[in-house]
>>> print(open('structure_20.txt').read())   # compact mmCIF, C-alpha atoms and all ligand atoms
# COMPACT_ATOMS: atom_id res chain seq x y z
CA MET A 279 -78.30 -74.87 -161.25
CA ALA A 280 -75.60 -74.64 -158.61
CA LYS A 281 -73.98 -71.78 -156.68
CA ILE A 282 -70.41 -71.63 -157.91
CA LEU A 283 -67.46 -69.65 -156.58
CA VAL A 284 -64.91 -69.23 -159.38
CA GLY A 285 -61.28 -68.64 -158.47
CA LEU A 286 -60.60 -65.63 -160.70
CA SER A 287 -56.85 -65.13 -160.99
CA GLY A 288 -56.97 -62.33 -163.53
CA GLY A 289 -55.81 -64.78 -166.24
CA VAL A 290 -57.56 -66.04 -169.35
CA ASP A 291 -58.35 -69.57 -168.20
CA SER A 292 -60.21 -68.69 -165.02
CA SER A 293 -62.07 -65.87 -166.79
CA VAL A 294 -63.30 -68.32 -169.41
CA ALA A 295 -64.12 -70.80 -166.62
CA ALA A 296 -66.41 -68.18 -165.07
CA ALA A 297 -68.02 -67.41 -168.44
CA LEU A 298 -68.64 -71.11 -169.15
CA MET A 299 -70.22 -71.65 -165.72
CA LEU A 300 -72.55 -68.73 -166.44
CA GLU A 301 -73.38 -70.11 -169.90
CA GLN A 302 -74.28 -73.42 -168.26
CA GLY A 303 -76.85 -71.56 -166.18
CA HIS A 304 -75.17 -71.53 -162.78
CA GLU A 305 -75.25 -68.72 -160.25
CA VAL A 306 -71.65 -67.50 -160.37
CA THR A 307 -69.51 -65.32 -158.09
CA GLY A 308 -65.85 -64.57 -158.79
CA ALA A 309 -63.20 -64.31 -156.09
CA TYR A 310 -59.52 -63.42 -156.13
CA MET A 311 -57.43 -65.07 -153.42
CA LYS A 312 -54.92 -62.69 -151.99
CA ASN A 313 -52.06 -64.90 -150.93
CA TRP A 314 -48.81 -63.09 -151.20
CA MET A 315 -47.85 -59.44 -151.17
CA ASN A 316 -44.06 -59.47 -151.41
CA THR A 317 -43.77 -57.32 -148.29
CA ASP A 318 -40.06 -58.23 -148.13
CA ASN A 319 -39.52 -56.59 -151.52
CA ILE A 320 -37.82 -59.50 -153.20
CA PRO A 321 -36.63 -58.27 -156.60
CA GLY A 322 -38.81 -59.34 -159.53
CA GLU A 323 -42.24 -58.68 -160.81
CA CYS A 324 -45.13 -59.56 -158.52
CA PRO A 325 -48.11 -58.30 -160.43
CA TRP A 326 -50.88 -59.15 -157.96
CA GLU A 327 -52.36 -55.65 -158.03
CA GLN A 328 -52.75 -55.85 -161.80
CA ASP A 329 -54.22 -59.34 -161.45
CA VAL A 330 -56.88 -58.19 -158.96
CA GLU A 331 -57.76 -55.33 -161.28
CA ASP A 332 -58.03 -57.69 -164.23
CA ALA A 333 -60.11 -60.20 -162.27
CA HIS A 334 -62.42 -57.39 -161.20
CA ALA A 335 -62.74 -56.12 -164.76
CA VAL A 336 -63.68 -59.62 -165.97
CA ALA A 337 -66.31 -59.99 -163.24
CA LYS A 338 -67.76 -56.62 -164.19
CA HIS A 339 -67.79 -57.57 -167.86
CA LEU A 340 -69.63 -60.80 -167.06
CA GLY A 341 -71.95 -59.01 -164.64
CA ILE A 342 -71.09 -61.21 -161.67
CA GLU A 343 -70.29 -60.36 -158.06
CA PHE A 344 -66.59 -60.07 -157.26
CA ARG A 345 -64.80 -60.59 -153.96
CA VAL A 346 -61.23 -60.48 -152.76
CA VAL A 347 -60.55 -63.16 -150.16
CA ASP A 348 -57.59 -62.48 -147.90
CA LEU A 349 -55.71 -65.74 -147.32
CA ILE A 350 -52.27 -64.24 -146.75
CA ASP A 351 -51.78 -65.78 -143.29
CA GLN A 352 -52.92 -69.24 -144.37
CA TYR A 353 -50.72 -69.07 -147.48
CA SER A 354 -47.75 -68.14 -145.40
CA GLU A 355 -48.35 -71.04 -142.98
CA ARG A 356 -49.34 -73.69 -145.49
CA ILE A 357 -47.23 -72.87 -148.53
CA VAL A 358 -44.36 -70.51 -147.78
CA ASP A 359 -43.38 -72.35 -144.56
CA TYR A 360 -43.64 -75.74 -146.31
CA LEU A 361 -41.51 -74.41 -149.18
CA LEU A 362 -38.78 -72.94 -146.99
CA GLU A 363 -38.78 -75.87 -144.55
CA GLY A 364 -38.39 -78.23 -147.50
CA TYR A 365 -35.46 -76.38 -148.99
CA ARG A 366 -33.79 -76.01 -145.58
CA SER A 367 -34.04 -79.76 -145.03
CA GLY A 368 -32.53 -80.57 -148.42
CA ILE A 369 -35.59 -81.72 -150.38
CA THR A 370 -37.15 -80.04 -153.43
CA PRO A 371 -40.73 -79.11 -152.51
CA ASN A 372 -43.57 -78.63 -154.98
CA PRO A 373 -45.63 -75.63 -153.89
CA ASP A 374 -47.91 -75.75 -156.95
CA VAL A 375 -49.30 -79.14 -155.99
CA TYR A 376 -49.71 -78.12 -152.35
CA CYS A 377 -51.43 -74.88 -153.40
CA ASN A 378 -54.25 -76.83 -154.96
CA ARG A 379 -54.81 -79.08 -151.99
CA GLU A 380 -54.16 -76.54 -149.23
CA MET A 381 -55.33 -73.27 -150.76
CA LYS A 382 -57.65 -73.41 -153.79
CA PHE A 383 -59.40 -76.62 -152.75
CA GLY A 384 -58.42 -76.22 -149.08
CA VAL A 385 -59.09 -72.96 -147.29
CA PHE A 386 -60.70 -71.33 -150.33
CA LEU A 387 -63.13 -74.24 -150.78
CA ASP A 388 -63.89 -74.22 -147.02
CA TYR A 389 -64.67 -70.51 -147.31
CA ALA A 390 -66.92 -71.20 -150.31
CA LEU A 391 -68.87 -73.96 -148.55
CA GLU A 392 -69.28 -71.81 -145.43
CA GLN A 393 -70.63 -69.03 -147.62
CA GLY A 394 -73.27 -71.34 -149.07
CA PHE A 395 -71.62 -72.19 -152.42
CA ASP A 396 -71.88 -75.72 -153.79
CA ALA A 397 -68.53 -75.83 -155.57
CA VAL A 398 -65.31 -74.02 -156.49
CA ALA A 399 -64.49 -73.72 -160.19
CA THR A 400 -61.00 -72.99 -161.50
CA GLY A 401 -59.39 -72.66 -164.92
CA HIS A 402 -57.38 -75.88 -164.53
CA TYR A 403 -57.01 -78.09 -167.59
CA ALA A 404 -58.41 -81.26 -166.01
CA ARG A 405 -61.70 -83.09 -166.26
CA ARG A 406 -64.05 -84.33 -163.59
CA ARG A 407 -66.51 -87.21 -163.91
CA GLU A 408 -69.19 -88.08 -161.42
CA ARG A 409 -69.85 -91.75 -160.75
CA SER A 410 -73.23 -93.24 -159.99
CA ASN A 411 -72.07 -93.96 -156.41
CA GLY A 412 -71.89 -90.25 -155.61
CA THR A 413 -68.10 -89.87 -155.95
CA ALA A 414 -66.05 -87.93 -158.48
CA ASP A 415 -62.96 -88.83 -160.48
CA ILE A 416 -60.41 -86.38 -161.81
CA LEU A 417 -59.23 -87.05 -165.38
CA ARG A 418 -56.49 -85.62 -167.51
CA GLY A 419 -57.44 -82.45 -169.41
CA ALA A 420 -58.44 -82.84 -173.06
CA ASP A 421 -55.46 -80.71 -174.17
CA PRO A 422 -52.38 -82.93 -173.84
CA ASN A 423 -50.08 -79.87 -173.89
CA LYS A 424 -51.89 -78.17 -171.05
CA ASP A 425 -53.12 -81.08 -168.89
CA GLN A 426 -52.79 -79.92 -165.26
CA SER A 427 -54.15 -83.01 -163.49
CA TYR A 428 -50.64 -83.68 -162.15
CA PHE A 429 -51.02 -80.56 -159.98
CA LEU A 430 -54.27 -81.94 -158.53
CA SER A 431 -52.79 -85.28 -157.54
CA LEU A 432 -52.87 -84.73 -153.78
CA MET A 433 -56.56 -83.86 -153.76
CA GLU A 434 -58.95 -85.89 -151.69
CA GLN A 435 -62.45 -87.05 -152.59
CA LYS A 436 -64.30 -84.26 -150.82
CA GLN A 437 -62.20 -81.74 -152.72
CA ALA A 438 -62.74 -83.48 -156.05
CA TRP A 439 -66.45 -83.65 -155.34
CA HIS A 440 -66.74 -79.89 -154.85
CA ALA A 441 -64.42 -78.97 -157.75
CA ARG A 442 -65.39 -77.85 -161.26
CA PHE A 443 -62.96 -77.51 -164.17
CA PRO A 444 -64.96 -75.96 -167.03
CA CYS A 445 -61.90 -75.52 -169.32
CA GLY A 446 -60.83 -79.16 -169.02
CA GLU A 447 -62.78 -80.38 -172.05
CA MET A 448 -61.21 -77.72 -174.29
CA LEU A 449 -57.89 -77.07 -175.99
CA LYS A 450 -56.05 -73.91 -174.99
CA PRO A 451 -56.62 -72.22 -178.40
CA GLN A 452 -60.36 -72.85 -177.97
CA VAL A 453 -60.25 -71.21 -174.55
CA ARG A 454 -58.57 -68.15 -176.11
CA GLU A 455 -61.27 -68.13 -178.81
CA VAL A 456 -64.02 -68.09 -176.20
CA ALA A 457 -62.25 -65.20 -174.44
CA GLN A 458 -62.14 -63.31 -177.73
CA ARG A 459 -65.69 -64.13 -178.72
CA LEU A 460 -66.91 -62.79 -175.37
CA ASN A 461 -64.59 -59.79 -175.55
CA LEU A 462 -63.17 -60.56 -172.13
CA PRO A 463 -60.84 -57.78 -170.99
CA VAL A 464 -58.01 -60.35 -170.53
CA ALA A 465 -58.48 -62.12 -173.88
CA ASN A 466 -54.96 -61.25 -175.02
CA LYS A 467 -53.18 -61.40 -171.67
CA LYS A 468 -50.04 -63.53 -171.56
CA ASP A 469 -50.13 -66.77 -169.56
CA SER A 470 -48.69 -66.42 -166.09
CA GLN A 471 -45.54 -68.19 -165.03
CA GLY A 472 -43.57 -68.64 -161.87
CA ILE A 473 -44.27 -70.41 -158.62
CA CYS A 474 -47.84 -70.57 -157.64
CA PHE A 475 -48.92 -67.12 -156.52
CA ILE A 476 -45.49 -65.71 -155.93
CA GLY A 477 -45.53 -64.40 -159.46
CA ASN A 478 -42.55 -63.92 -161.67
CA ILE A 479 -39.96 -63.87 -158.93
CA LYS A 480 -37.15 -66.33 -159.63
CA MET A 481 -37.13 -69.19 -157.15
CA SER A 482 -33.42 -68.60 -156.40
CA ASP A 483 -34.09 -64.91 -155.58
CA PHE A 484 -37.01 -65.92 -153.42
CA LEU A 485 -34.99 -68.50 -151.53
CA ARG A 486 -31.98 -66.26 -151.11
CA ASN A 487 -34.15 -63.95 -149.04
CA TYR A 488 -34.99 -66.64 -146.49
CA VAL A 489 -32.44 -69.45 -146.64
CA PRO A 490 -28.85 -68.30 -146.10
CA ASP A 491 -26.22 -69.22 -148.71
CA SER A 492 -24.15 -72.18 -147.64
CA PRO A 493 -21.24 -72.53 -150.05
CA GLY A 494 -19.40 -75.81 -150.63
CA ASP A 495 -17.46 -77.77 -153.20
CA ILE A 496 -18.67 -79.07 -156.53
CA VAL A 497 -17.10 -82.46 -157.22
CA ASP A 498 -17.31 -85.09 -159.96
CA THR A 499 -18.43 -88.68 -159.29
CA GLU A 500 -14.82 -89.60 -158.39
CA GLY A 501 -14.66 -86.82 -155.83
CA ASN A 502 -12.39 -84.46 -157.81
CA LYS A 503 -13.03 -80.83 -156.96
CA LEU A 504 -14.35 -78.85 -159.95
CA GLY A 505 -15.72 -75.65 -158.43
CA ARG A 506 -17.82 -74.05 -155.71
CA HIS A 507 -21.58 -73.90 -155.20
CA LYS A 508 -23.66 -71.38 -153.25
CA GLY A 509 -25.83 -73.80 -151.29
CA LEU A 510 -27.21 -77.25 -152.08
CA HIS A 511 -30.80 -76.02 -151.88
CA LEU A 512 -30.26 -73.89 -154.98
CA TYR A 513 -29.69 -76.93 -157.24
CA THR A 514 -31.85 -79.84 -158.35
CA LEU A 515 -30.98 -83.32 -159.51
CA GLY A 516 -30.59 -83.47 -163.27
CA GLN A 517 -29.97 -79.71 -163.59
CA ARG A 518 -27.85 -78.88 -166.65
CA LYS A 519 -27.35 -75.14 -166.42
CA GLY A 520 -26.48 -72.74 -163.65
CA HIS A 521 -23.90 -74.83 -161.76
CA GLY A 522 -21.08 -72.98 -163.49
CA VAL A 523 -18.86 -76.00 -164.21
CA ALA A 524 -17.78 -76.23 -167.83
CA SER A 525 -17.52 -79.73 -169.22
CA PRO A 526 -14.31 -80.89 -170.95
CA ARG A 527 -16.40 -83.02 -173.35
CA ASP A 528 -17.85 -81.33 -176.41
CA GLY A 529 -21.67 -81.36 -176.48
CA MET A 530 -21.85 -83.25 -173.20
CA PRO A 531 -22.55 -80.89 -170.31
CA TYR A 532 -22.20 -81.80 -166.68
CA VAL A 533 -25.50 -82.28 -164.86
CA VAL A 534 -26.20 -82.43 -161.13
CA VAL A 535 -26.23 -86.11 -160.15
CA GLY A 536 -26.15 -85.84 -156.37
CA LYS A 537 -26.17 -83.67 -153.29
CA ASP A 538 -24.26 -84.82 -150.22
CA ALA A 539 -25.75 -83.03 -147.22
CA GLU A 540 -23.06 -84.35 -144.84
CA THR A 541 -20.09 -82.98 -146.78
CA ASN A 542 -22.09 -80.15 -148.36
CA GLN A 543 -20.86 -81.31 -151.77
CA LEU A 544 -22.69 -80.95 -155.05
CA VAL A 545 -21.88 -83.88 -157.34
CA VAL A 546 -21.91 -83.43 -161.11
CA GLY A 547 -21.57 -86.11 -163.78
CA TRP A 548 -22.56 -87.12 -167.30
CA ASP A 549 -26.16 -87.21 -168.39
CA THR A 550 -26.16 -90.94 -169.13
CA SER A 551 -28.15 -93.84 -167.75
CA ASP A 552 -25.09 -95.48 -166.18
CA THR A 553 -24.19 -92.42 -164.06
CA PRO A 554 -24.70 -93.40 -160.43
CA GLY A 555 -27.46 -91.39 -158.73
CA LEU A 556 -29.11 -89.97 -161.83
CA TYR A 557 -31.47 -92.82 -162.72
CA ALA A 558 -33.64 -94.82 -160.33
CA SER A 559 -36.43 -97.40 -160.61
CA SER A 560 -37.47 -98.07 -157.08
CA CYS A 561 -38.56 -95.56 -154.46
CA ILE A 562 -40.70 -94.94 -151.41
CA VAL A 563 -43.60 -92.52 -151.76
CA GLY A 564 -45.20 -91.08 -148.61
CA SER A 565 -48.05 -88.66 -147.76
CA VAL A 566 -50.09 -90.61 -150.31
CA SER A 567 -53.66 -89.63 -151.02
CA TRP A 568 -56.02 -91.44 -153.40
CA VAL A 569 -58.69 -89.38 -155.12
CA ASN A 570 -61.39 -92.01 -155.20
CA ARG A 571 -60.29 -95.47 -154.11
CA VAL A 572 -57.21 -97.11 -152.64
CA PRO A 573 -55.64 -99.77 -154.88
CA GLU A 574 -56.17 -103.22 -153.43
CA GLY A 575 -52.72 -104.49 -152.52
CA VAL A 576 -49.91 -104.78 -155.05
CA SER A 577 -51.16 -103.14 -158.26
CA LYS A 578 -49.95 -102.34 -161.73
CA ILE A 579 -50.78 -98.74 -162.55
CA GLU A 580 -48.93 -95.74 -164.06
CA ALA A 581 -46.93 -93.03 -162.35
CA GLN A 582 -45.80 -89.61 -163.52
CA PRO A 583 -42.69 -88.47 -161.65
CA ARG A 584 -42.85 -84.79 -162.65
CA TYR A 585 -45.15 -82.34 -164.46
CA ARG A 586 -43.57 -82.51 -167.90
CA ALA A 587 -42.89 -86.25 -167.86
CA LYS A 588 -44.78 -89.13 -169.44
CA SER A 589 -46.56 -91.49 -167.12
CA GLU A 590 -44.84 -94.86 -166.98
CA PRO A 591 -45.94 -98.34 -165.89
CA VAL A 592 -45.24 -99.04 -162.21
CA THR A 593 -46.00 -101.62 -159.60
CA VAL A 594 -47.16 -100.10 -156.33
CA THR A 595 -46.93 -102.04 -153.08
CA PRO A 596 -48.52 -100.84 -149.85
CA LEU A 597 -46.11 -100.77 -146.91
CA GLU A 598 -47.07 -101.08 -143.27
CA ASN A 599 -46.62 -97.41 -142.41
CA GLY A 600 -49.08 -96.04 -144.97
CA LYS A 601 -46.32 -95.39 -147.48
CA TRP A 602 -46.07 -97.11 -150.85
CA GLN A 603 -43.14 -98.67 -152.65
CA VAL A 604 -43.18 -97.65 -156.31
CA ASP A 605 -41.23 -99.75 -158.83
CA PHE A 606 -40.95 -98.28 -162.31
CA ALA A 607 -40.74 -100.73 -165.21
CA LYS A 608 -38.01 -98.51 -166.71
CA PRO A 609 -35.41 -96.46 -164.76
CA GLN A 610 -36.43 -92.80 -164.47
CA ARG A 611 -34.14 -89.80 -164.69
CA ALA A 612 -33.72 -87.46 -161.72
CA ILE A 613 -36.38 -88.65 -159.33
CA THR A 614 -36.12 -86.10 -156.54
CA ALA A 615 -37.04 -86.30 -152.87
CA GLY A 616 -39.85 -83.86 -152.09
CA GLN A 617 -41.26 -83.89 -155.61
CA ILE A 618 -44.66 -85.34 -156.39
CA CYS A 619 -45.41 -88.74 -157.89
CA ALA A 620 -48.87 -88.71 -159.51
CA PHE A 621 -50.63 -92.04 -160.11
CA TYR A 622 -52.87 -92.73 -163.11
CA ASP A 623 -54.94 -95.48 -164.61
CA ALA A 624 -55.00 -94.52 -168.30
CA GLY A 625 -56.52 -90.99 -168.26
CA THR A 626 -57.86 -91.16 -164.71
CA LEU A 627 -55.90 -89.57 -161.90
CA LEU A 628 -55.75 -92.09 -159.07
CA GLY A 629 -53.85 -89.97 -156.57
CA GLY A 630 -50.36 -88.95 -155.64
CA GLY A 631 -47.71 -88.75 -152.98
CA VAL A 632 -44.30 -87.36 -152.18
CA PHE A 633 -41.04 -89.07 -153.15
CA GLU A 634 -39.40 -89.71 -149.80
CA LYS A 635 -36.60 -92.09 -150.54
CA ILE A 636 -34.89 -93.42 -153.62
CA ILE A 637 -34.06 -97.10 -153.09
CA SER A 638 -32.15 -97.91 -156.27
N1 LIG A 701 -54.97 -65.63 -156.92
C1 LIG A 701 -55.94 -66.43 -157.35
N2 LIG A 701 -57.22 -66.17 -156.99
C2 LIG A 701 -58.24 -66.97 -157.39
N3 LIG A 701 -58.05 -68.07 -158.15
C3 LIG A 701 -56.79 -68.37 -158.53
C4 LIG A 701 -55.67 -67.58 -158.16
N4 LIG A 701 -54.57 -68.13 -158.71
C5 LIG A 701 -54.99 -69.23 -159.38
N5 LIG A 701 -56.32 -69.38 -159.27
C6 LIG A 701 -57.17 -70.45 -159.88
O1 LIG A 701 -56.40 -71.62 -160.10
C7 LIG A 701 -56.37 -71.94 -161.49
C8 LIG A 701 -55.03 -72.51 -161.88
O2 LIG A 701 -54.02 -71.65 -161.46
P1 LIG A 701 -52.71 -71.39 -162.31
O3 LIG A 701 -51.84 -70.51 -161.48
O4 LIG A 701 -52.21 -72.68 -162.82
O5 LIG A 701 -53.35 -70.49 -163.43
P2 LIG A 701 -53.30 -70.47 -164.99
O6 LIG A 701 -53.26 -71.85 -165.57
O7 LIG A 701 -52.27 -69.48 -165.39
O8 LIG A 701 -54.79 -69.92 -165.21
P3 LIG A 701 -55.28 -68.43 -165.40
O9 LIG A 701 -55.13 -68.17 -166.89
O10 LIG A 701 -56.70 -68.45 -164.98
O11 LIG A 701 -54.41 -67.56 -164.52
C9 LIG A 701 -56.71 -70.63 -162.19
O12 LIG A 701 -57.26 -70.87 -163.45
C10 LIG A 701 -57.68 -70.00 -161.22
O13 LIG A 701 -58.99 -70.51 -161.38
>>> encode(input="structure_20.txt", output="structure tokens", more="lines below")
Ligand SMILES: Nc1ncnc2c1ncn2[C@@H]1O[C@H](COP(=O)(O)OP(=O)(O)OP(=O)(O)O)[C@@H](O)[C@H]1O
Amino acid sequence: MAKILVGLSGGVDSSVAAALMLEQGHEVTGAYMKNWMNTDNIPGECPWEQDVEDAHAVAKHLGIEFRVVDLIDQYSERIVDYLLEGYRSGITPNPDVYCNREMKFGVFLDYALEQGFDAVATGHYARRRERSNGTADILRGADPNKDQSYFLSLMEQKQAWHARFPCGEMLKPQVREVAQRLNLPVANKKDSQGICFIGNIKMSDFLRNYVPDSPGDIVDTEGNKLGRHKGLHLYTLGQRKGHGVASPRDGMPYVVVGKDAETNQLVVGWDTSDTPGLYASSCIVGSVSWVNRVPEGVSKIEAQPRYRAKSEPVTVTPLENGKWQVDFAKPQRAITAGQICAFYDAGTLLGGGVFEKIIS
């Protein structure tokens, strides 16, 4: 039996995670992390008050202690600043991945250990396996549609060691069934969406509040002016909709194929593999962390360049400065600086890093 602190978000997955930990005989406490309060009144729904209430109701239903842990300052420093700094500097940050390393398995785990807990459990769809040498691996979740191991790819060994993912062996419909069987007050609650803890606020509305608009020209790959954009930070490579430029070709929309920070131009082109800038095979990945062991020299593994992408064969080569060169066997669409590259060996998460530079 272990002392487990469950991150109770007020959603179905973490509620079932708490119930499963109890069923397995652990001593369980639930805690809601208060991270963001929308004090600047950005338009959109930010239902944290409802979430705390729901989390509390679940804890009561399960008969476990419930706490609210105030991490607003740390969230602002570690996530909001990283997010805004990233967008200001022209990259596309990934707050969801950083949330796991910095918040849930960062300050929240530190709090848990200080308070005498052995581990933090969450409702993530990922699996964890202990090895006989006293280390832990993170594996893809059993549900291929829900697998969230990508979001855990920057986690370090100590974090993996103290993590528990009770829903990871199950499919989402099974998790809903458990919630119904146990009559959990959130059994029929809709899944949450939106960035991390910011809730259902649109990213563009969120950014508009902090990063000033910086309009410029939209051009095609030959440099012909096609329209105006509101600020390069509001667009991502490969984006099909929302740039406002109608395509003259039927059934072939323009997509964002480049951002030129010097001229403040947004470049659009065709969504084809020969469009310059849209596909790349070779890149530099920095801020790399390996969950359990560092690959020995040049290695053939797999890499997943975004959440909803397949992992693809790559060759990784360590560079002198702690960064890694990653060469994909097949060119990948819209690899974006700032986004996360997760590394796998079959179903095992090896680690991850941040795309820093696209070579070709
Ligand atoms: N505000 C929070 N307080 C405590 N734990 C949280 C909070 N937000 C997320 N978590 C934990 O992180 C896990 C993954 O977060 P994510 O935002 O992806 O939730 P989710 O997949 O919608 O799960 P859920 O149905 O539990 O909300 C949650 O299952 C929960 O354990």
>>> residues_near_ligand(input="structure_20.txt", ligand="ligand LIG 701 (chain A)", cutoff="7 Å", atoms="all atoms listed in the file", output="VMD selection string")
chain A and resid 284 to 293 309 to 313 382 399 to 402 469 to 471 474 to 475
>>> closest_atom_pairs(input="structure_20.txt", of="stretch 465-576 of chain A", to="stretch 615-627 of chain A", cutoff="12 Å", atoms="all atoms listed in the file", output="tab-separated table")
residue	atom	partner	partner_atom	distance
A:His511	CA	A:Gly616	CA	12.0
A:Thr514	CA	A:Ala615	CA	9.9
A:Leu515	CA	A:Ala615	CA	9.5
A:Gly536	CA	A:Ala615	CA	11.4
A:Lys537	CA	A:Ala615	CA	11.2
A:Ala558	CA	A:Ala615	CA	11.8
A:Cys561	CA	A:Ala615	CA	9.5
A:Ile562	CA	A:Ala615	CA	9.5
A:Val563	CA	A:Cys619	CA	7.4
A:Gly564	CA	A:Cys619	CA	9.6
A:Ser565	CA	A:Ile618	CA	9.8
A:Val566	CA	A:Cys619	CA	9.1
A:Ser567	CA	A:Ala620	CA	9.8
A:Trp568	CA	A:Phe621	CA	8.6
A:Val569	CA	A:Leu627	CA	7.3
A:Asn570	CA	A:Leu627	CA	9.0
A:Arg571	CA	A:Leu627	CA	10.7
A:Val572	CA	A:Phe621	CA	11.2
A:Pro573	CA	A:Phe621	CA	10.6
>>> closest_residue(input="structure_20.txt", among="A:Tyr389, A:Trp314, A:Trp602, A:Phe395", to="A:Ile357", atoms="all atoms listed in the file")
A:Trp314
>>> closest_residue(input="structure_20.txt", among="A:Ile636, A:Val294, A:Leu300, A:Leu460", to="A:Gly446", atoms="all atoms listed in the file")
A:Val294
>>> closest_residue(input="structure_20.txt", among="A:Met279, A:Tyr585, A:Glu634, A:Tyr557", to="A:Asp374", atoms="all atoms listed in the file")
A:Tyr585
>>> closest_atom_pairs(input="structure_20.txt", of="stretch 397-516 of chain A", to="stretch 586-598 of chain A", cutoff="12 Å", atoms="all atoms listed in the file", output="CSV")
residue,atom,partner,partner_atom,distance
A:Arg418,CA,A:Ser589,CA,11.5
A:Pro422,CA,A:Arg586,CA,10.6
A:Asn423,CA,A:Arg586,CA,9.2
A:Lys424,CA,A:Arg586,CA,9.9
A:Asp425,CA,A:Arg586,CA,9.7
A:Gln426,CA,A:Arg586,CA,9.9
A:Ser427,CA,A:Arg586,CA,11.5
A:Tyr428,CA,A:Arg586,CA,9.2
A:Phe429,CA,A:Arg586,CA,11.0
>>> atom_distance(input="structure_20.txt", atom1="atom CA of A:Pro493", atom2="atom CA of A:Leu512")
10.4 Å
>>> residues_around(input="structure_20.txt", residues="A:Phe386", least_positions_apart="5", cutoff="9 Å", atoms="only C-alpha atoms", output="list in words")
Gly285, Met311, Val347, Leu349, Glu380, Met381, Leu391 and Val398 of chain A
>>> closest_residue(input="structure_20.txt", among="A:Gln458, A:Gln517, A:Ser560, A:Ser367", to="A:Trp548", atoms="all atoms listed in the file")
A:Gln517
>>> atom_distance(input="structure_20.txt", atom1="atom CA of A:Val336", atom2="atom CA of A:Glu392")
24.5 Å
>>> atom_distance(input="structure_20.txt", atom1="atom CA of A:Asp552", atom2="atom CA of A:Pro531")
15.4 Å
>>> residues_around(input="structure_20.txt", residues="A:Tyr532", least_positions_apart="2", cutoff="6 Å", atoms="only C-alpha atoms", output="PyMOL selection string")
chain A and resi 525+546-548
>>> closest_residue(input="structure_20.txt", among="A:Lys508, A:Arg611, A:His440, A:Lys281", to="A:His521", atoms="all atoms listed in the file")
A:Lys508
>>> closest_residue(input="structure_20.txt", among="A:Ala280, A:Met448, A:Tyr376, A:Asp359", to="A:Glu305", atoms="all atoms listed in the file")
A:Ala280
>>> axis_aligned_box(input="structure_20.txt", around="stretch 342-357 of chain A", padding_each_side="4 Å", output="lines of an AutoDock Vina configuration file")
center_x = -59.2
center_y = -66.9
center_z = -152.3
size_x = 31.9
size_y = 21.6
size_z = 26.7
>>> residues_around(input="structure_20.txt", residues="A:Ala524", least_positions_apart="2", cutoff="12 Å", atoms="only C-alpha atoms", output="ChimeraX atom specification")
/A:496,498,504-505,518-522,526-533,546-548
>>> write_last_selection(input="structure_20.txt", atoms="C-alpha atoms", output="PDB file, in the coordinates of the input")
ATOM      1  CA  ILE A 496     -18.670 -79.070-156.530  1.00  0.00           C
ATOM      2  CA  ASP A 498     -17.310 -85.090-159.960  1.00  0.00           C
ATOM      3  CA  LEU A 504     -14.350 -78.850-159.950  1.00  0.00           C
ATOM      4  CA  GLY A 505     -15.720 -75.650-158.430  1.00  0.00           C
ATOM      5  CA  ARG A 518     -27.850 -78.880-166.650  1.00  0.00           C
ATOM      6  CA  LYS A 519     -27.350 -75.140-166.420  1.00  0.00           C
ATOM      7  CA  GLY A 520     -26.480 -72.740-163.650  1.00  0.00           C
ATOM      8  CA  HIS A 521     -23.900 -74.830-161.760  1.00  0.00           C
ATOM      9  CA  GLY A 522     -21.080 -72.980-163.490  1.00  0.00           C
ATOM     10  CA  PRO A 526     -14.310 -80.890-170.950  1.00  0.00           C
ATOM     11  CA  ARG A 527     -16.400 -83.020-173.350  1.00  0.00           C
ATOM     12  CA  ASP A 528     -17.850 -81.330-176.410  1.00  0.00           C
ATOM     13  CA  GLY A 529     -21.670 -81.360-176.480  1.00  0.00           C
ATOM     14  CA  MET A 530     -21.850 -83.250-173.200  1.00  0.00           C
ATOM     15  CA  PRO A 531     -22.550 -80.890-170.310  1.00  0.00           C
ATOM     16  CA  TYR A 532     -22.200 -81.800-166.680  1.00  0.00           C
ATOM     17  CA  VAL A 533     -25.500 -82.280-164.860  1.00  0.00           C
ATOM     18  CA  VAL A 546     -21.910 -83.430-161.110  1.00  0.00           C
ATOM     19  CA  GLY A 547     -21.570 -86.110-163.780  1.00  0.00           C
ATOM     20  CA  TRP A 548     -22.560 -87.120-167.300  1.00  0.00           C
TER      21      TRP A 548
END
